[in-house]
>>> print(open('run-v7.cif').read())   # mmCIF, C-alpha atoms
data_run
loop_
_atom_site.label_atom_id
_atom_site.label_comp_id
_atom_site.auth_asym_id
_atom_site.auth_seq_id
_atom_site.Cartn_x
_atom_site.Cartn_y
_atom_site.Cartn_z
CA MET A 59 217.90 147.37 3.46
CA LYS A 60 217.49 151.14 3.41
CA LYS A 61 217.50 153.09 6.61
CA LEU A 62 215.59 156.30 7.29
CA SER A 63 216.34 158.41 10.36
CA VAL A 64 213.53 160.67 11.44
CA LYS A 65 214.14 163.60 13.77
CA ILE A 66 211.47 166.01 14.98
CA THR A 67 212.45 169.22 16.76
CA GLY A 68 210.60 172.18 18.24
CA VAL A 69 207.86 170.12 19.88
CA PRO A 70 206.28 171.90 22.89
CA LYS A 71 205.82 169.80 26.00
CA LYS A 72 202.04 169.61 25.92
CA VAL A 73 201.89 168.60 22.27
CA HIS A 74 201.84 164.90 21.45
CA LEU A 75 202.92 164.12 17.92
CA TYR A 76 202.65 160.80 16.15
CA THR A 77 204.74 159.76 13.21
CA LEU A 78 203.77 157.29 10.52
CA VAL A 79 206.13 155.94 7.90
CA ASP A 80 204.28 154.16 5.12
CA GLY A 81 201.27 153.83 7.38
CA GLN A 82 203.25 152.29 10.22
CA MET A 83 203.59 154.15 13.47
CA ILE A 84 207.20 154.52 14.51
CA LYS A 85 208.26 155.11 18.08
CA LEU A 86 210.38 158.17 18.58
CA LYS A 87 212.56 158.62 21.63
CA LYS A 88 213.33 161.95 23.20
CA ASN A 89 217.01 162.79 23.26
CA GLN A 90 218.85 165.00 25.74
CA PHE A 91 218.22 168.09 23.59
CA GLY A 92 214.45 167.65 23.55
CA ALA A 93 214.24 166.35 19.97
CA TYR A 94 212.46 163.12 19.05
CA GLU A 95 214.45 160.56 17.05
CA GLY A 96 213.61 157.27 15.46
CA GLU A 97 214.64 154.92 12.67
CA PHE A 98 212.80 152.98 10.02
CA GLU A 99 214.13 150.28 7.73
CA THR A 100 212.63 149.25 4.42
CA GLU A 101 213.46 147.86 1.00
CA LYS A 102 211.32 150.44 -0.80
CA GLU A 103 212.63 153.30 -2.92
CA ASN A 104 210.14 155.85 -1.57
CA VAL A 105 208.32 156.13 1.70
CA ALA A 106 205.59 158.47 2.94
CA VAL A 107 206.37 160.19 6.21
CA GLU A 108 203.37 161.60 8.03
CA VAL A 109 203.31 163.62 11.22
CA PHE A 110 200.10 164.49 12.98
CA ARG A 111 198.87 165.67 16.32
CA SER A 112 196.42 163.57 18.25
CA LEU A 113 193.76 165.67 19.96
CA GLU A 114 192.16 164.05 22.99
CA LEU A 115 188.66 165.01 21.95
CA LEU A 116 188.84 163.39 18.54
CA GLY A 117 188.69 159.80 19.74
CA LYS A 118 185.68 157.55 19.32
CA LEU A 119 185.12 157.15 23.05
CA TRP A 120 185.84 160.80 23.92
CA TRP A 121 182.45 161.16 25.67
CA LEU A 122 183.04 158.10 27.89
CA TYR A 123 186.60 159.02 28.84
CA SER A 124 185.72 162.64 29.55
CA LEU A 125 182.70 161.56 31.65
CA ILE A 126 184.85 159.15 33.69
CA THR A 127 187.57 161.74 34.28
CA PHE A 128 184.93 164.36 35.14
CA ILE A 129 183.49 162.11 37.85
CA VAL A 130 186.85 160.86 39.16
CA SER A 131 188.20 164.40 39.39
CA VAL A 132 185.26 165.45 41.60
CA LEU A 133 183.18 167.29 38.99
CA GLY A 134 186.24 168.35 37.03
CA ILE A 135 187.86 170.27 39.90
CA PHE A 136 191.10 168.26 39.85
CA GLU A 137 191.15 167.63 36.12
CA PRO A 138 193.66 169.27 33.75
CA TRP A 139 191.91 171.41 31.13
CA TYR A 140 191.44 170.04 27.67
CA ASP A 141 193.17 171.91 24.88
CA ARG A 142 190.90 174.87 24.10
CA LYS A 143 192.42 175.91 20.80
CA CYS A 144 192.11 172.48 19.13
CA ILE A 145 194.93 173.19 16.71
CA ALA A 146 195.71 170.14 14.65
CA LEU A 147 198.47 169.62 12.17
CA GLU A 148 198.75 167.47 9.13
CA CYS A 149 201.96 166.98 7.26
CA LYS A 150 202.98 164.36 4.76
CA TYR A 151 206.16 164.05 2.75
CA VAL A 152 207.33 161.45 0.26
CA VAL A 153 211.02 160.72 0.71
CA SER A 154 213.17 159.09 -1.96
CA LEU A 155 215.47 156.83 -0.02
CA LYS A 156 219.20 156.27 -0.35
CA GLU A 157 221.10 153.62 1.61
CA THR A 158 220.94 155.86 4.63
CA SER A 159 218.60 158.83 4.59
CA GLU A 160 217.78 161.41 7.17
CA ILE A 161 214.79 163.70 7.47
CA LYS A 162 214.64 166.46 10.03
CA ILE A 163 211.23 167.96 10.72
CA ASN A 164 211.13 171.21 12.62
CA LEU A 165 207.72 172.01 14.10
CA LYS A 166 206.78 175.68 13.90
CA PRO A 167 204.97 177.43 16.77
CA LEU A 168 201.31 176.39 16.85
CA SER A 169 199.02 178.70 14.95
CA LYS A 170 195.53 178.52 13.48
CA GLU A 171 196.75 178.25 9.91
CA GLY A 172 199.84 178.24 7.79
CA LYS A 173 202.69 175.84 7.32
CA ALA A 174 203.18 173.46 10.19
CA VAL A 175 206.76 172.29 9.68
CA ASP A 176 210.04 173.01 7.97
CA VAL A 177 211.82 170.00 6.56
CA GLU A 178 215.50 169.33 5.96
CA SER A 179 216.74 166.16 4.32
CA ASP A 180 219.74 164.77 2.50
CA SER A 181 217.33 162.97 0.15
CA GLU A 182 214.75 164.17 -2.30
CA VAL A 183 211.59 165.15 -0.48
CA MET A 184 208.21 165.93 -1.99
CA GLU A 185 205.69 167.79 0.12
CA VAL A 186 202.15 166.40 -0.05
CA ASN A 187 200.61 168.18 2.89
CA ASN A 188 201.86 170.68 5.45
CA ALA A 189 199.39 172.75 7.42
CA PHE A 190 198.01 173.78 10.76
CA TYR A 191 194.25 173.95 11.07
CA ILE A 192 191.55 174.21 13.71
CA ASP A 193 189.83 170.89 14.09
CA LYS A 194 186.15 171.87 14.11
CA LYS A 195 184.96 168.53 15.46
CA ALA A 196 187.29 168.77 18.46
CA LYS A 197 186.31 172.40 18.98
CA LEU A 198 182.59 171.54 19.00
CA ARG A 199 183.18 168.71 21.45
CA TRP A 200 185.20 171.04 23.69
CA ARG A 201 182.30 173.50 23.74
CA LEU A 202 179.81 170.69 24.46
CA MET A 203 181.95 169.53 27.36
CA LEU A 204 182.26 173.04 28.77
CA ALA A 205 178.48 173.54 28.58
CA PHE A 206 177.91 170.17 30.28
CA LYS A 207 180.37 171.05 33.07
CA ILE A 208 178.81 174.46 33.67
CA ILE A 209 175.31 172.93 33.90
CA ILE A 210 176.48 170.26 36.35
CA TRP A 211 178.30 172.83 38.51
CA ILE A 212 175.20 175.06 38.64
CA VAL A 213 173.05 172.07 39.64
CA ALA A 214 175.62 171.02 42.27
CA ILE A 215 175.73 174.53 43.75
CA ILE A 216 171.92 174.73 43.88
CA LEU A 217 171.72 171.32 45.57
CA ALA A 218 174.43 172.29 48.06
CA ILE A 219 172.62 175.53 48.97
CA TYR A 220 169.35 173.61 49.31
CA PHE A 221 170.80 170.97 51.66
CA ILE A 222 172.61 173.58 53.74
CA ALA A 223 169.37 175.59 54.03
CA ILE A 224 167.44 172.47 55.12
CA ASN A 225 170.00 171.67 57.82
CA ILE A 226 170.02 175.23 59.14
CA MET B 78 194.19 160.76 8.30
CA LYS B 79 195.42 157.15 8.48
CA ASN B 80 195.79 156.05 12.06
CA PRO B 81 196.18 152.35 12.70
CA SER B 82 196.20 152.53 16.49
CA LEU B 83 193.84 155.40 17.25
CA ALA B 84 192.08 153.42 19.99
CA LYS B 85 195.42 152.74 21.67
CA MET B 86 196.45 156.40 21.44
CA GLU B 87 193.08 157.47 22.85
CA PHE B 88 193.44 155.04 25.74
CA ASN B 89 196.99 156.24 26.42
CA ASN B 90 195.79 159.85 26.58
CA PHE B 91 192.97 158.80 28.91
CA GLY B 92 195.43 156.96 31.15
CA LEU B 93 197.72 159.97 31.27
CA ARG B 94 194.83 162.25 32.18
CA LEU B 95 193.83 159.87 34.99
CA GLY B 96 197.43 159.86 36.24
CA LYS B 97 197.41 163.66 36.48
CA ILE B 98 194.03 163.63 38.24
CA PHE B 99 195.29 161.10 40.79
CA PHE B 100 198.36 163.29 41.34
CA ASN B 101 196.20 166.38 41.98
CA LEU B 102 193.86 164.46 44.28
CA ALA B 103 196.75 162.98 46.29
CA ILE B 104 198.24 166.42 46.93
CA PHE B 105 194.88 167.91 47.92
CA LEU B 106 194.08 165.06 50.30
CA LEU B 107 197.54 165.22 51.88
CA ILE B 108 197.16 168.97 52.48
CA PHE B 109 193.71 168.25 53.93
CA CYS B 110 195.18 165.67 56.33
CA VAL B 111 198.05 167.96 57.34
CA CYS B 112 195.63 170.84 57.96
CA GLY B 113 193.46 168.51 60.02
CA MET B 114 196.34 167.43 62.18
CA VAL B 115 197.65 170.97 62.56
CA SER B 116 194.17 172.25 63.50
CA LEU B 117 194.83 171.12 67.07
CA LEU B 118 197.43 173.88 67.22
CA SER B 119 194.91 176.40 65.92
CA THR B 120 192.52 175.44 68.72
CA ALA B 121 195.18 176.37 71.23
CA PHE B 122 196.06 179.47 69.21
CA LEU B 123 192.45 180.67 69.25
CA PHE B 124 192.32 180.28 73.00
CA LEU B 125 195.56 182.20 73.30
CA VAL B 126 194.22 185.01 71.08
CA GLY B 127 191.06 185.23 73.19
CA ALA B 128 193.03 185.36 76.41
CA VAL B 129 195.51 187.96 75.15
CA VAL B 130 192.76 190.23 73.77
CA THR B 131 190.80 189.97 77.04
CA ILE B 132 193.87 190.80 79.13
CA LEU B 133 195.17 193.60 76.92
CA SER B 134 191.73 195.22 76.71
CA MET B 135 191.30 194.72 80.47
CA GLY B 136 187.89 193.21 79.91
CA THR B 137 186.51 196.10 77.87
CA ILE B 138 186.26 193.78 74.86
CA PHE B 139 183.04 192.43 76.34
CA VAL B 140 181.50 195.88 76.15
CA TYR B 141 182.18 196.22 72.45
CA ALA B 142 181.64 192.54 71.58
CA PRO B 143 179.45 190.76 74.15
CA ASN B 144 179.64 187.51 72.20
CA PHE B 145 183.43 187.63 71.94
CA TRP B 146 184.13 184.51 74.02
CA ASN B 147 181.20 182.64 72.45
CA SER B 148 182.77 183.25 69.06
CA ILE B 149 186.18 182.12 70.31
CA ILE B 150 184.71 178.97 71.81
CA ALA B 151 182.69 178.27 68.66
CA GLY B 152 185.89 178.59 66.63
CA MET B 153 187.75 176.30 69.03
CA ASN B 154 184.95 173.73 68.79
CA ALA B 155 185.07 173.85 65.01
CA THR B 156 188.84 173.32 64.84
CA ALA B 157 188.70 170.61 67.50
CA ASN B 158 185.91 168.81 65.62
CA PHE B 159 187.89 169.07 62.40
CA PHE B 160 190.94 167.61 64.13
CA SER B 161 188.84 164.74 65.58
CA PHE B 162 187.31 164.03 62.19
CA VAL B 163 190.69 163.85 60.44
CA ILE B 164 192.36 161.79 63.18
CA GLY B 165 189.38 159.46 63.41
CA ASN B 166 189.62 158.73 59.69
CA ALA B 167 193.39 159.19 59.33
CA TYR B 168 194.05 155.63 58.21
CA ILE B 169 191.43 155.90 55.47
CA PHE B 170 192.57 159.30 54.21
CA LEU B 171 196.26 158.45 54.30
CA SER B 172 195.67 155.08 52.61
CA ILE B 173 193.81 156.87 49.82
CA VAL B 174 196.66 159.39 49.50
CA MET B 175 199.21 156.57 49.24
CA ALA B 176 197.11 154.63 46.72
CA LEU B 177 196.61 157.73 44.56
CA SER B 178 200.32 158.59 44.70
CA ILE B 179 201.36 155.08 43.71
CA ALA B 180 198.80 155.01 40.90
CA SER B 181 199.93 158.36 39.53
CA ILE B 182 203.62 157.37 39.72
CA VAL B 183 202.97 154.14 37.82
CA ILE B 184 200.79 155.76 35.16
CA LEU B 185 203.12 158.72 34.59
CA ALA B 186 206.19 156.48 34.49
CA LEU B 187 204.57 154.35 31.78
CA ASP B 188 204.18 157.31 29.40
CA ARG B 189 206.77 156.82 26.65
CA GLN B 190 206.09 160.08 24.85
CA ASN B 191 207.06 162.49 27.63
CA LYS B 192 208.89 162.23 30.88
CA HIS B 193 207.00 163.51 33.90
CA ILE B 194 209.92 163.70 36.28
CA PRO B 195 208.72 166.68 38.40
CA ARG B 196 205.31 165.08 38.96
CA ILE B 197 206.83 161.69 39.75
CA VAL B 198 209.24 163.25 42.25
CA VAL B 199 206.46 165.22 43.96
CA ALA B 200 204.18 162.16 44.04
CA SER B 201 207.01 160.16 45.64
CA ILE B 202 207.45 162.85 48.29
CA VAL B 203 203.68 162.83 48.92
CA LEU B 204 203.84 159.05 49.34
CA VAL B 205 206.69 159.23 51.84
CA VAL B 206 205.02 162.02 53.83
CA ALA B 207 201.72 160.09 53.95
CA LEU B 208 203.57 156.98 55.12
CA LEU B 209 205.34 158.93 57.87
CA MET B 210 202.07 160.48 58.99
CA MET B 211 200.49 157.05 59.16
CA ILE B 212 203.38 155.82 61.29
CA PHE B 213 202.98 158.83 63.60
CA VAL B 214 199.25 158.22 63.96
CA ALA B 215 199.74 154.48 64.53
CA SER B 216 202.42 155.08 67.13
CA GLY B 217 200.19 157.53 68.98
CA VAL B 218 202.45 160.56 68.47
CA ILE B 219 199.51 162.35 66.91
CA ALA B 220 196.23 161.32 68.56
#
>>> encode(input="run-v7.cif", output="structure tokens")
Amino acid sequence: MKKLSVKITGVPKKVHLYTLVDGQMIKLKKNQFGAYEGEFETEKENVAVEVFRSLELLGKLWWLYSLITFIVSVLGIFEPWYDRKCIALECKYVVSLKETSEIKINLKPLSKEGKAVDVESDSEVMEVNNAFYIDKKAKLRWRLMLAFKIIIWIVAIILAIYFIAINI
Amino acid sequence: MKNPSLAKMEFNNFGLRLGKIFFNLAIFLLIFCVCGMVSLLSTAFLFLVGAVVTILSMGTIFVYAPNFWNSIIAGMNATANFFSFVIGNAYIFLSIVMALSIASIVILALDRQNKHIPRIVVASIVLVVALLMMIFVASGVIA
């Protein structure tokens, strides 16, 4: 059985990263230094390691979840803001495994384009994909949500003024 | 991008967002309750301000502001009404604060990706304060 240790460093607090090894999601635990570590065991000679960022607005039920949280948070007043920049990252490496292999992925500061990570490994690593990009779908949904919120707030303010005027 | 458990990830993010909303709501409601209970002091303070201004100005305040005492009394009524409203519904408000705190603590503690220690600590403090306030109200210390 071959063992692969995966370590991801440089992850900002608000960024959630997910790691797949050969299509399987592996759970990474945060160590005392703020890095995420996990292990994967396999009999294969090569495995594909993918790291990606999950944006909240990319899900299938984004409209339902954002509507529920908008209502629960009293018209969005007590709701944390969704990520405005919608920067996604996609990186995939094929690692040739030894008995025990290690791959260290260092996330670069988020930017609109360019390489997303630097990789160090004691095994042979082939880069398939490594980039930051703006997710246009998430960005469009963010704008739609903002427009919806602004319209609802304007309607709420008009209704409030109307009811106050009636009572006076 | 292959993602075998996208629905689960989406639900986790939604849960985390709800946890943060509950945290924010609990703090706001607690501050609201505290302000309501403290408003009794502001009623007395307003009266004191009115009396001091009247004495120091030797009554001349009524020449410059004929409605001075009406304004003071209106302010006192408003703060007294606010106090009555909060005390009258204290059990409901404080129960909601406690429920929201507990919900946010549970949801934030279940997040495996990140630790939310500051929020959990603050939510615990909010819970304890709400519990103490409920005890004070029930015992008649504040009423």
>>> interface_residues(input="run-v7.cif", of="chain B", to="chain A", cutoff="7 Å", atoms="only C-alpha atoms", output="MDAnalysis selection string")
chainID B and resid 79 87 90:91 95 98 101:102
>>> write_last_selection(input="run-v7.cif", atoms="C-alpha atoms", output="mmCIF file, in the frame of the given file")
data_model
loop_
_atom_site.group_PDB
_atom_site.id
_atom_site.type_symbol
_atom_site.label_atom_id
_atom_site.label_comp_id
_atom_site.auth_asym_id
_atom_site.auth_seq_id
_atom_site.Cartn_x
_atom_site.Cartn_y
_atom_site.Cartn_z
ATOM 1 C CA LYS B 79 195.420 157.150 8.480
ATOM 2 C CA GLU B 87 193.080 157.470 22.850
ATOM 3 C CA ASN B 90 195.790 159.850 26.580
ATOM 4 C CA PHE B 91 192.970 158.800 28.910
ATOM 5 C CA LEU B 95 193.830 159.870 34.990
ATOM 6 C CA ILE B 98 194.030 163.630 38.240
ATOM 7 C CA ASN B 101 196.200 166.380 41.980
ATOM 8 C CA LEU B 102 193.860 164.460 44.280
#
>>> resolve_selection(input="run-v7.cif", expression="the PyMOL selection byres ((chain B and resi 151-158) around 8)", output="PDB file with C-alpha atoms, in the frame of the given file")
ATOM      1  CA  SER B 116     194.170 172.250  63.500  1.00  0.00           C
ATOM      2  CA  LEU B 117     194.830 171.120  67.070  1.00  0.00           C
ATOM      3  CA  SER B 119     194.910 176.400  65.920  1.00  0.00           C
ATOM      4  CA  THR B 120     192.520 175.440  68.720  1.00  0.00           C
ATOM      5  CA  ALA B 121     195.180 176.370  71.230  1.00  0.00           C
ATOM      6  CA  LEU B 123     192.450 180.670  69.250  1.00  0.00           C
ATOM      7  CA  PHE B 124     192.320 180.280  73.000  1.00  0.00           C
ATOM      8  CA  ASN B 147     181.200 182.640  72.450  1.00  0.00           C
ATOM      9  CA  SER B 148     182.770 183.250  69.060  1.00  0.00           C
ATOM     10  CA  ILE B 149     186.180 182.120  70.310  1.00  0.00           C
ATOM     11  CA  ILE B 150     184.710 178.970  71.810  1.00  0.00           C
ATOM     12  CA  PHE B 159     187.890 169.070  62.400  1.00  0.00           C
ATOM     13  CA  PHE B 160     190.940 167.610  64.130  1.00  0.00           C
ATOM     14  CA  SER B 161     188.840 164.740  65.580  1.00  0.00           C
ATOM     15  CA  PHE B 162     187.310 164.030  62.190  1.00  0.00           C
TER      16      PHE B 162
END
>>> atom_distance(input="run-v7.cif", atom1="CA of Glu182 in chain A", atom2="CA of Ser154 in chain A")
5.3 Å
>>> resolve_selection(input="run-v7.cif", expression="the PyMOL selection byres ((chain A and resi 167-177) around 10)", output="MDAnalysis selection string")
chainID A and resid 65:70 73 109:110 143:149 151 161:166 178:179 183 185 187:193
>>> closest_residue(input="run-v7.cif", among="B:Val203, B:Arg94, B:Arg196, B:Gly127", to="Asn144 in chain B", atoms="all atoms listed in the file")
B:Gly127
>>> atom_distance(input="run-v7.cif", atom1="CA of Ile104 in chain B", atom2="CA of Val199 in chain B")
8.8 Å
>>> atom_distance(input="run-v7.cif", atom1="CA of Ile226 in chain A", atom2="CA of Trp211 in chain A")
22.4 Å
>>> closest_residue(input="run-v7.cif", among="B:Ile202, B:Ile184, B:Leu209, B:Trp146", to="Val129 in chain B", atoms="all atoms listed in the file")
B:Trp146
>>> resolve_selection(input="run-v7.cif", expression="the PyMOL selection byres ((chain B and resi 106) around 12)", output="PyMOL selection string")
(chain A and resi 136) or (chain B and resi 99-105+107-113+163+167+169-178+203-204+206-207)
>>> residues_around(input="run-v7.cif", residues="Lys156 in chain A", least_positions_apart="3", cutoff="12 Å", atoms="all atoms listed in the file", output="list in words")
Met59, Lys60, Lys61, Leu62, Ser63, Glu99, Thr100, Glu101, Lys102, Glu103, Asn104, Val105, Val153, Ser159, Glu160, Ile161, Ser179, Asp180, Ser181, Glu182 and Val183 of chain A
>>> residues_near_point(input="run-v7.cif", point="(199.1, 158.0, 65.2)", cutoff="12 Å", atoms="all atoms listed in the file", output="list in words")
Met114, Val163, Ile164, Gly165, Asn166, Ala167, Tyr168, Leu171, Ala207, Leu208, Leu209, Met210, Met211, Ile212, Phe213, Val214, Ala215, Ser216, Gly217, Val218, Ile219 and Ala220 of chain B
>>> residues_near_point(input="run-v7.cif", point="(203.9, 153.9, 28.8)", cutoff="12 Å", atoms="all atoms listed in the file", output="PyMOL selection string")
(chain A and resi 85) or (chain B and resi 85-86+88-93+96+182-193)
